[in-house]
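Before any comments, here is the structure.
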Amino acid sequence: MTLTCVGLVVWATIIGQARNFQQEPNIGTRGPSTIEDFKAGDGYREPYQKATGILKALGATNGDWVADGGAGSGYYTLRLSSIVGPEGKVLAEDISDSSMRLLKTRTNVFGLQNVEIVKGDADNPKLPPDRLAAVLVVDTYHHFDYVQQMLDHMLHALKPGGRMVIADYSRREDHGRARADQLKRHEINPSIVRGEVEQAGFRVLSCDEEFLTRRVTRGPSKVISG
């Protein structure tokens, strides 16, 4: 069977002079443990990541199976859980032990019955083949160490006509830097990612290069991707 998938990629170029990578407020040394804790840490998502716009681009609907790749603390997992409803399923995937703990805690405190937590590998998100309507990757793509392997697995996890949305950070003045140098700054040039996803077999439907705004943070804080 020939797998024909449609990839929609949403890019993010930093607006303004922000220089630090995306960070969440530090909520205690043990991380968030209550609904109030998570809501306090989630507050920046709408103004700085335009979360509703990202989810709209994903096009998920009631009953869909979707994946939150690099789910981190599970903010988008929570939003997707509501969108796909009890007949759908959200696969909250990450590779770090700290994210596993955060995802389990969020799933428990919010009572997310349609969420399955998936411990992926650096080269394999361990998503089921030909099953997903959509894959979301927010502030995570630049962390991929095995780009083509990850994209290949995500492509084959999508059903025909499935959709992937990638949102990440980039500063125009850094576009000429080597890919490795950009990754050290927790950003990546949209043109690099576009080439990589097309090489993997996706068809890019749209590319919004000024979708997100990176905020400036000062002082130490806990970093949680996804």
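Residues in the structure tokens are numbered from 1 in each chain, the chains being A, B, ... in the order shown, and ligands are numbered from 1 in the order shown.
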For Met150 in chain A, find every residue with an atom within 9 Å (counting only C-alpha atoms), except residues of its own chain fewer than 3 positions away, and show them as a PDB file with C-alpha atoms, in the first residue's frame.
ATOM      1  CA  ALA A 122      15.718   9.253  20.460  1.00  0.00           C
ATOM      2  CA  ASP A 123      15.259   7.695  17.010  1.00  0.00           C
ATOM      3  CA  ASN A 124      11.746   6.263  17.371  1.00  0.00           C
ATOM      4  CA  PRO A 125       8.635   7.835  18.965  1.00  0.00           C
ATOM      5  CA  PHE A 144      15.669  15.696  17.445  1.00  0.00           C
ATOM      6  CA  ASP A 145      19.041  13.941  17.240  1.00  0.00           C
ATOM      7  CA  TYR A 146      17.896  11.506  14.544  1.00  0.00           C
ATOM      8  CA  VAL A 147      15.768  13.716  12.336  1.00  0.00           C
ATOM      9  CA  HIS A 153       8.252   6.980  11.976  1.00  0.00           C
ATOM     10  CA  MET A 154       5.852   9.912  12.290  1.00  0.00           C
ATOM     11  CA  LEU A 155       4.990   9.745   8.591  1.00  0.00           C
TER      12      LEU A 155
END
Between A:Glu187, A:Met164, A:Thr140, A:Val118, single out the one closest to Leu58 in chain A, counting only C-alpha atoms. A:Met164
Which polymer residues have any atom within 9 Å of an atom of range 51-55 of chain A, counting only C-alpha atoms, with same-chain residues fewer than 6 positions away left out, as a ChimeraX atom specification? /A:10,45,76,79-80,136,138,165-167,211
Range 59-91 of chain A: which residues are strand (DSSP E or B) by DSSP, as a PyMOL selection string? chain A and resi 65-69+89-91
With N, CA and C atoms kept, could you save the residues just selected as a CSV table (one decimal), in the first residue's frame?
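Here's the written file again_21.csv:
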chain,number,residue,atom,x,y,z
A,65,TRP,N,-7.5,9.8,16.8
A,65,TRP,CA,-6.3,9.4,17.5
A,65,TRP,C,-5.2,10.4,17.0
A,66,VAL,N,-4.5,11.0,18.0
A,66,VAL,CA,-3.5,12.0,17.7
A,66,VAL,C,-2.3,11.8,18.6
A,67,ALA,N,-1.2,12.3,18.2
A,67,ALA,CA,0.0,12.2,19.1
A,67,ALA,C,0.6,13.6,19.4
A,68,ASP,N,1.0,13.8,20.6
A,68,ASP,CA,1.7,15.0,21.1
A,68,ASP,C,3.1,14.6,21.2
A,69,GLY,N,3.9,14.8,20.2
A,69,GLY,CA,5.3,14.4,20.1
A,69,GLY,C,6.2,15.4,20.9
A,89,LYS,N,-8.2,9.3,21.2
A,89,LYS,CA,-7.1,9.0,22.1
A,89,LYS,C,-6.0,9.9,21.7
A,90,VAL,N,-5.2,10.3,22.8
A,90,VAL,CA,-4.0,11.1,22.7
A,90,VAL,C,-2.9,10.3,23.1
A,91,LEU,N,-1.9,10.2,22.3
A,91,LEU,CA,-0.6,9.5,22.7
A,91,LEU,C,0.4,10.6,23.0
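Each of A:Phe202, A:Tyr44, A:Tyr75, A:Tyr169 was checked against Phe110 in chain A using only C-alpha atoms; the smallest atom-to-atom distance is that of A:Tyr75.
The shortest atom-to-atom distance to Gly72 in chain A, with only C-alpha atoms taken into account, belongs to A:Val137 out of A:Val137, A:Ala40, A:Val115, A:Ala57.
Note that CA of His143 in chain A and CA of Glu116 in chain A are 22.1 Å apart.
Nearest to Ala60 in chain A of all the residues A:Val109, A:Ile83, A:Leu78, A:Ala92 is A:Ile83, counting only C-alpha atoms.
Atom pair CA of Gln49 in chain A / CA of Val193 in chain A: separated by 18.5 Å.
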List as a ChimeraX atom specification the protein and nucleic acid residues near range 99-107 of chain A, meaning an atom at most 7 Å away when only C-alpha atoms are counted, but skip any in the same chain fewer than 4 places from it. /A:33,72-74,94,111-112
Those selected residues, please, written with C-alpha atoms and delivered as a short mmCIF file (atom, residue, chain, number, x, y, z; two decimals), in the first residue's frame.
data_model
loop_
_atom_site.label_atom_id
_atom_site.label_comp_id
_atom_site.auth_asym_id
_atom_site.auth_seq_id
_atom_site.Cartn_x
_atom_site.Cartn_y
_atom_site.Cartn_z
CA SER A 33 1.51 18.41 41.51
CA GLY A 72 6.92 17.63 27.94
CA SER A 73 4.64 18.75 30.75
CA GLY A 74 1.55 17.79 28.75
CA ASP A 94 8.46 11.92 25.15
CA GLY A 111 -8.44 12.76 35.07
CA LEU A 112 -7.51 12.34 31.41
#
Please, what distance in Å, to one decimal, runs between CA of Lys126 in chain A and CA of Ile95 in chain A? 10.2 Å
